[in-house]
file target_36.cif (mmCIF, C-alpha atoms)
data_my_file
#
loop_
_atom_site.label_atom_id
_atom_site.label_comp_id
_atom_site.auth_asym_id
_atom_site.auth_seq_id
_atom_site.Cartn_x
_atom_site.Cartn_y
_atom_site.Cartn_z
CA MET I 1 19.49 -23.69 9.59
CA THR I 2 17.90 -20.80 7.72
CA ASP I 3 16.28 -20.57 4.30
CA SER I 4 19.03 -20.61 1.65
CA LEU I 5 17.59 -17.65 -0.29
CA GLY I 6 15.65 -15.88 2.46
CA TRP I 7 18.45 -16.07 4.97
CA ARG I 8 17.59 -12.64 6.37
CA LYS I 9 13.79 -12.72 6.22
CA LYS I 10 10.93 -14.48 4.45
CA PHE I 11 7.96 -12.20 3.84
CA GLY I 12 4.51 -13.68 3.34
CA VAL I 13 2.75 -11.23 1.02
CA LEU I 14 -1.05 -11.17 0.72
CA ILE I 15 -2.47 -9.61 -2.43
CA PRO I 16 -5.85 -9.77 -4.17
CA SER I 17 -5.90 -12.26 -7.05
CA THR I 18 -6.69 -9.36 -9.40
CA ASN I 19 -3.55 -7.43 -8.44
CA THR I 20 -0.66 -7.41 -10.92
CA SER I 21 1.44 -4.56 -9.48
CA VAL I 22 2.43 -5.52 -5.95
CA GLN I 23 4.42 -8.62 -6.81
CA PRO I 24 6.70 -7.07 -9.47
CA GLU I 25 7.21 -3.85 -7.50
CA PHE I 26 8.03 -5.64 -4.24
CA ASP I 27 10.37 -8.04 -6.02
CA ALA I 28 12.20 -5.14 -7.68
CA MET I 29 12.72 -3.50 -4.26
CA ARG I 30 13.88 -6.69 -2.58
CA PRO I 31 17.41 -6.66 -1.09
CA ALA I 32 19.61 -9.75 -1.08
CA GLY I 33 18.64 -12.31 1.54
CA VAL I 34 14.98 -11.24 1.68
CA THR I 35 12.37 -13.24 -0.20
CA ASN I 36 8.74 -12.47 -1.00
CA HIS I 37 6.19 -15.30 -1.00
CA ILE I 38 2.81 -14.50 -2.51
CA SER I 39 -0.59 -15.67 -1.32
CA ARG I 40 -3.58 -14.62 -3.43
CA ILE I 41 -6.83 -13.44 -1.85
CA VAL I 42 -9.22 -14.94 -4.38
CA ILE I 43 -11.76 -12.40 -5.62
CA PRO I 44 -13.56 -11.95 -8.96
CA ASN I 45 -12.77 -9.07 -11.28
CA ILE I 46 -16.14 -7.39 -10.67
CA PRO I 47 -17.26 -4.12 -12.30
CA LEU I 48 -16.64 -1.05 -10.15
CA ASN I 49 -19.17 1.45 -11.42
CA ASN I 50 -20.38 2.99 -8.15
CA ASP I 51 -20.13 2.96 -4.36
CA ASP I 52 -22.25 -0.19 -4.01
CA ASP I 53 -19.86 -2.10 -6.28
CA PHE I 54 -16.90 -0.88 -4.27
CA ASN I 55 -18.48 -1.88 -0.96
CA ARG I 56 -19.03 -5.34 -2.41
CA LEU I 57 -15.35 -5.54 -3.37
CA ILE I 58 -14.33 -4.80 0.23
CA GLU I 59 -16.70 -7.51 1.47
CA LEU I 60 -15.24 -10.04 -0.98
CA ILE I 61 -11.70 -9.28 0.19
CA GLN I 62 -12.66 -9.55 3.86
CA THR I 63 -14.39 -12.88 3.28
CA ALA I 64 -11.45 -14.47 1.45
CA GLN I 65 -8.60 -12.97 3.44
CA ILE I 66 -8.12 -15.50 6.24
CA ALA I 67 -7.92 -18.40 3.79
CA ALA I 68 -5.05 -16.60 2.07
CA VAL I 69 -3.39 -15.94 5.43
CA ASP I 70 -3.64 -19.60 6.39
CA SER I 71 -2.26 -20.66 3.01
CA ILE I 72 0.89 -18.56 3.28
CA MET I 73 1.60 -19.73 6.83
CA SER I 74 2.62 -23.16 5.57
CA CYS I 75 5.87 -21.74 4.15
CA GLU I 76 6.74 -20.48 7.65
CA PRO I 77 7.22 -16.79 6.86
CA ASP I 78 8.90 -14.46 9.33
CA HIS I 79 6.57 -11.51 8.74
CA LEU I 80 3.30 -10.80 6.94
CA VAL I 81 2.93 -7.98 4.41
CA LEU I 82 -0.55 -6.93 3.28
CA GLY I 83 -0.38 -5.84 -0.33
CA ILE I 84 -3.93 -4.53 0.01
CA SER I 85 -4.94 -0.90 0.36
CA ALA I 86 -8.63 -0.04 0.66
CA GLU I 87 -9.46 -2.54 3.40
CA THR I 88 -6.70 -1.15 5.63
CA PHE I 89 -8.19 2.36 5.48
CA TRP I 90 -11.81 1.25 5.84
CA ASP I 91 -13.77 2.74 8.77
CA GLY I 92 -10.88 4.84 10.04
CA TYR I 93 -7.85 4.56 12.27
CA ALA I 94 -9.32 2.41 15.04
CA ALA I 95 -10.58 -0.15 12.52
CA SER I 96 -7.13 -0.34 10.91
CA LEU I 97 -5.60 -1.10 14.30
CA ARG I 98 -8.17 -3.85 14.87
CA LEU I 99 -7.44 -5.42 11.49
CA LYS I 100 -3.72 -5.50 12.19
CA ALA I 101 -4.22 -6.90 15.69
CA GLU I 102 -6.60 -9.61 14.46
CA ILE I 103 -4.12 -10.89 11.87
CA GLU I 104 -1.20 -10.70 14.29
CA GLN I 105 -3.17 -12.64 16.90
CA HIS I 106 -4.25 -15.23 14.31
CA THR I 107 -0.71 -15.84 13.05
CA GLY I 108 1.66 -14.79 15.81
CA LEU I 109 3.57 -12.70 13.26
CA GLY I 110 4.15 -9.01 12.81
CA VAL I 111 2.15 -7.35 10.05
CA SER I 112 2.97 -4.46 7.72
CA MET I 113 0.07 -2.86 5.89
CA GLY I 114 -0.76 0.15 3.77
CA SER I 115 -2.61 2.49 6.11
CA ASP I 116 -0.09 2.06 8.91
CA ALA I 117 2.88 2.39 6.54
CA CYS I 118 1.52 5.58 4.97
CA ARG I 119 0.94 7.13 8.39
CA ALA I 120 4.46 6.24 9.52
CA ALA I 121 6.07 7.58 6.33
CA LEU I 122 4.17 10.88 6.46
CA ASN I 123 5.11 11.34 10.11
CA LEU I 124 8.74 10.62 9.28
CA TYR I 125 8.74 13.55 6.85
CA GLY I 126 6.81 15.78 9.23
CA ALA I 127 4.04 16.24 6.64
CA ARG I 128 0.76 17.61 7.96
CA THR I 129 -1.07 18.62 4.76
CA ILE I 130 -1.34 16.15 1.90
CA GLY I 131 -2.63 15.56 -1.60
CA VAL I 132 -3.95 12.06 -2.24
CA ILE I 133 -4.38 9.92 -5.36
CA THR I 134 -6.56 6.80 -5.35
CA PRO I 135 -8.06 4.43 -7.95
CA TYR I 136 -11.31 4.31 -5.97
CA GLN I 137 -14.95 5.24 -6.21
CA PRO I 138 -16.10 8.08 -3.87
CA VAL I 139 -16.87 5.74 -0.95
CA GLY I 140 -13.25 4.58 -1.00
CA ASP I 141 -11.99 8.16 -1.10
CA ARG I 142 -14.16 9.08 1.88
CA ASN I 143 -12.67 6.25 3.92
CA VAL I 144 -9.14 7.30 2.97
CA VAL I 145 -9.82 10.91 3.98
CA ARG I 146 -11.37 9.73 7.25
CA PHE I 147 -8.31 7.64 8.10
CA PHE I 148 -5.79 10.39 7.37
CA GLU I 149 -7.78 13.04 9.21
CA GLU I 150 -8.16 10.78 12.24
CA CYS I 151 -4.36 10.44 12.19
CA GLY I 152 -3.94 14.22 12.30
CA PHE I 153 -3.34 15.02 8.63
CA THR I 154 -5.27 17.52 6.53
CA VAL I 155 -6.25 16.30 3.06
CA ARG I 156 -6.11 19.38 0.84
CA ARG I 157 -7.06 17.58 -2.36
CA ILE I 158 -7.93 14.02 -3.35
CA ILE I 159 -8.41 12.52 -6.80
CA GLY I 160 -10.21 9.19 -7.16
CA LEU I 161 -9.62 7.73 -10.61
CA LYS I 162 -12.78 5.58 -10.45
CA CYS I 163 -11.17 2.59 -12.18
CA ALA I 164 -13.76 0.34 -13.83
CA SER I 165 -12.61 -2.95 -12.23
CA PRO I 166 -9.88 -4.24 -9.92
CA VAL I 167 -7.77 -5.39 -12.90
CA GLN I 168 -8.22 -2.03 -14.66
CA ILE I 169 -6.47 -0.27 -11.77
CA ALA I 170 -3.16 -1.62 -13.06
CA HIS I 171 -3.90 -0.22 -16.53
CA VAL I 172 -3.71 3.44 -15.46
CA SER I 173 -0.85 5.01 -17.41
CA GLU I 174 2.11 6.85 -15.95
CA SER I 175 1.05 9.94 -17.90
CA ARG I 176 -2.36 9.94 -16.17
CA LEU I 177 -0.72 9.42 -12.80
CA ALA I 178 1.69 12.28 -13.49
CA GLU I 179 -1.29 14.53 -14.24
CA ALA I 180 -2.93 13.45 -10.99
CA ILE I 181 0.22 14.24 -9.00
CA ARG I 182 0.23 17.77 -10.36
CA GLU I 183 -3.51 18.14 -9.76
CA VAL I 184 -3.30 17.32 -6.05
CA ASP I 185 -0.07 19.22 -5.42
CA GLY I 186 0.17 22.86 -4.38
CA ASP I 187 1.96 25.28 -2.11
CA ASP I 188 -0.46 24.21 0.63
CA VAL I 189 0.62 20.54 0.40
CA ASP I 190 3.57 19.09 2.33
CA ALA I 191 3.52 15.70 0.58
CA VAL I 192 1.68 13.77 -2.12
CA ILE I 193 0.64 10.21 -1.35
CA GLN I 194 -0.87 7.51 -3.56
CA VAL I 195 -2.96 4.64 -2.25
CA GLY I 196 -4.32 1.59 -4.05
CA THR I 197 -1.70 -1.14 -4.32
CA ASN I 198 -2.58 -2.09 -7.90
CA LEU I 199 -1.67 1.40 -9.17
CA ALA I 200 1.89 0.94 -10.43
CA MET I 201 3.31 4.27 -9.27
CA ALA I 202 6.43 3.44 -7.28
CA ARG I 203 9.03 4.47 -9.87
CA LEU I 204 7.02 7.48 -11.01
CA ALA I 205 6.72 8.70 -7.42
CA ALA I 206 10.51 8.69 -7.13
CA ALA I 207 10.82 10.81 -10.27
CA ALA I 208 8.05 13.17 -9.12
CA GLU I 209 10.00 14.04 -5.98
CA LEU I 210 12.55 15.66 -8.29
CA TRP I 211 9.89 17.78 -10.05
CA LEU I 212 8.10 18.87 -6.91
CA GLY I 213 10.90 19.08 -4.39
CA LYS I 214 8.82 17.34 -1.73
CA PRO I 215 7.95 13.78 -0.68
CA VAL I 216 5.85 11.81 -3.16
CA LEU I 217 4.94 8.49 -1.60
CA ALA I 218 3.66 5.41 -3.40
CA ILE I 219 1.88 3.01 -1.09
CA ASN I 220 3.79 -0.05 -2.28
CA THR I 221 7.09 1.65 -1.48
CA ALA I 222 5.80 2.67 1.95
CA ILE I 223 4.59 -0.85 2.75
CA TYR I 224 7.84 -2.51 1.72
CA TRP I 225 9.91 0.13 3.53
CA GLN I 226 7.97 -0.51 6.72
CA ALA I 227 8.32 -4.28 6.35
CA LEU I 228 12.09 -4.02 5.93
CA ARG I 229 12.70 -1.49 8.69
CA SER I 230 10.43 -3.23 11.22
CA ASN I 231 12.52 -6.37 10.69
CA GLY I 232 15.84 -4.63 11.26
CA ILE I 233 16.81 -4.48 7.57
CA ALA I 234 18.28 -1.02 7.03
CA ASP I 235 19.54 -1.37 3.44
CA LYS I 236 19.21 1.88 1.48
CA ILE I 237 17.72 1.05 -1.92
CA ASP I 238 17.98 3.49 -4.82
CA GLY I 239 15.43 4.01 -7.57
CA TRP I 240 12.28 4.10 -5.43
CA GLY I 241 12.45 7.58 -3.95
CA SER I 242 13.81 9.16 -0.83
CA LEU I 243 11.94 6.89 1.59
CA LEU I 244 13.88 3.73 0.68
CA ALA I 245 17.05 5.53 -0.37
CA ARG I 246 17.56 7.65 2.75
CA HIS I 247 15.44 6.37 5.63
#

call {"tool": "encode", "arguments": {"input": "target_36.cif", "output": "structure tokens"}}
result
Amino acid sequence: MTDSLGWRKKFGVLIPSTNTSVQPEFDAMRPAGVTNHISRIVIPNIPLNNDDDFNRLIELIQTAQIAAVDSIMSCEPDHLVLGISAETFWDGYAASLRLKAEIEQHTGLGVSMGSDACRAALNLYGARTIGVITPYQPVGDRNVVRFFEECGFTVRRIIGLKCASPVQIAHVSESRLAEAIREVDGDDVDAVIQVGTNLAMARLAAAAELWLGKPVLAINTAIYWQALRSNGIADKIDGWGSLLARH
């Protein structure tokens, strides 16, 4: 017997307790027969005024993460999806591989996560030069640039929005995000990519592809695309850009 609603796959989704964007965006992308089951990584909504604050946020997530993993395992998911961004880019490509391997070894399940999904999506499009949007302080931006450059991409421009707290990330308006897309774009950029899973940019990214005539990738779309495709679910889903609609 299989789950009556998740008869194709049950995804266990880990997100910080401060995150209000991943759950609604993933649920809106969900095809029939796939269900998303949320486990919250419990962290406080601390101020993010500088690099020290941001480093503390990463430490808080790392400390609380395994408890959230163990919690979601009791619903017997088929696959784990990390609705977290900064931690997956932290300390470069090799560290991201270690993080994925540690969770896979701990659970026995496959894992989809932001850094890996972004790399795969950019490679799919053949993009080599990129513009990047983040909600982070400079230390977060440096880790993002390090990851992408270690994966063979050239970051032409990056904008960190320096959001004042984890919750405030979800308060960034579409108009500000549209400005940021234009600011990091250029003739020297093959694709624009947004990281930070609490930035609600998935629908806007789809629209921006029409303005720019090039891939504009929101991290939540990339993560969910990777989770679906790695589980053999090939449904083409409109409304979220070319990645889910065509690939």

call {"tool": "atom_distance", "arguments": {"input": "target_36.cif", "atom1": "atom CA of I:Lys9", "atom2": "atom CA of I:Leu217"}}
result
24.3 Å

call {"tool": "atom_distance", "arguments": {"input": "target_36.cif", "atom1": "atom CA of I:Asp78", "atom2": "atom CA of I:Pro24"}}
result
20.3 Å

call {"tool": "closest_atom_pairs", "arguments": {"input": "target_36.cif", "of": "stretch 17-73 of chain I", "to": "stretch 167-186 of chain I", "cutoff": "10 Å", "atoms": "only C-alpha atoms", "output": "Markdown table"}}
result
| residue | atom | partner | partner_atom | distance |
| --- | --- | --- | --- | --- |
| I:Ser17 | CA | I:Val167 | CA | 9.2 |
| I:Thr18 | CA | I:Val167 | CA | 5.4 |
| I:Asn19 | CA | I:Val167 | CA | 6.5 |
| I:Thr20 | CA | I:Ala170 | CA | 6.7 |
| I:Ser21 | CA | I:Ala170 | CA | 6.5 |
| I:Val22 | CA | I:Ala170 | CA | 9.8 |
| I:Pro44 | CA | I:Val167 | CA | 9.6 |
| I:Asn45 | CA | I:Val167 | CA | 6.4 |
| I:Ile46 | CA | I:Val167 | CA | 8.9 |
| I:Pro47 | CA | I:Gln168 | CA | 9.6 |
| I:Leu48 | CA | I:Gln168 | CA | 9.6 |

call {"tool": "closest_residue", "arguments": {"input": "target_36.cif", "among": "I:Gly152, I:Gly232, I:Gly12, I:Pro135", "to": "I:Ser71", "atoms": "all atoms listed in the file"}}
result
I:Gly12

call {"tool": "residues_around", "arguments": {"input": "target_36.cif", "residues": "I:Arg128", "least_positions_apart": "5", "cutoff": "8 Å", "atoms": "all atoms listed in the file", "output": "list in words"}}
result
Leu122, Asn123, Gly152, Phe153, Thr154 and Asp190 of chain I

call {"tool": "closest_residue", "arguments": {"input": "target_36.cif", "among": "I:Tyr93, I:Arg246, I:Arg30, I:Ala207", "to": "I:Leu228", "atoms": "all atoms listed in the file"}}
result
I:Arg30
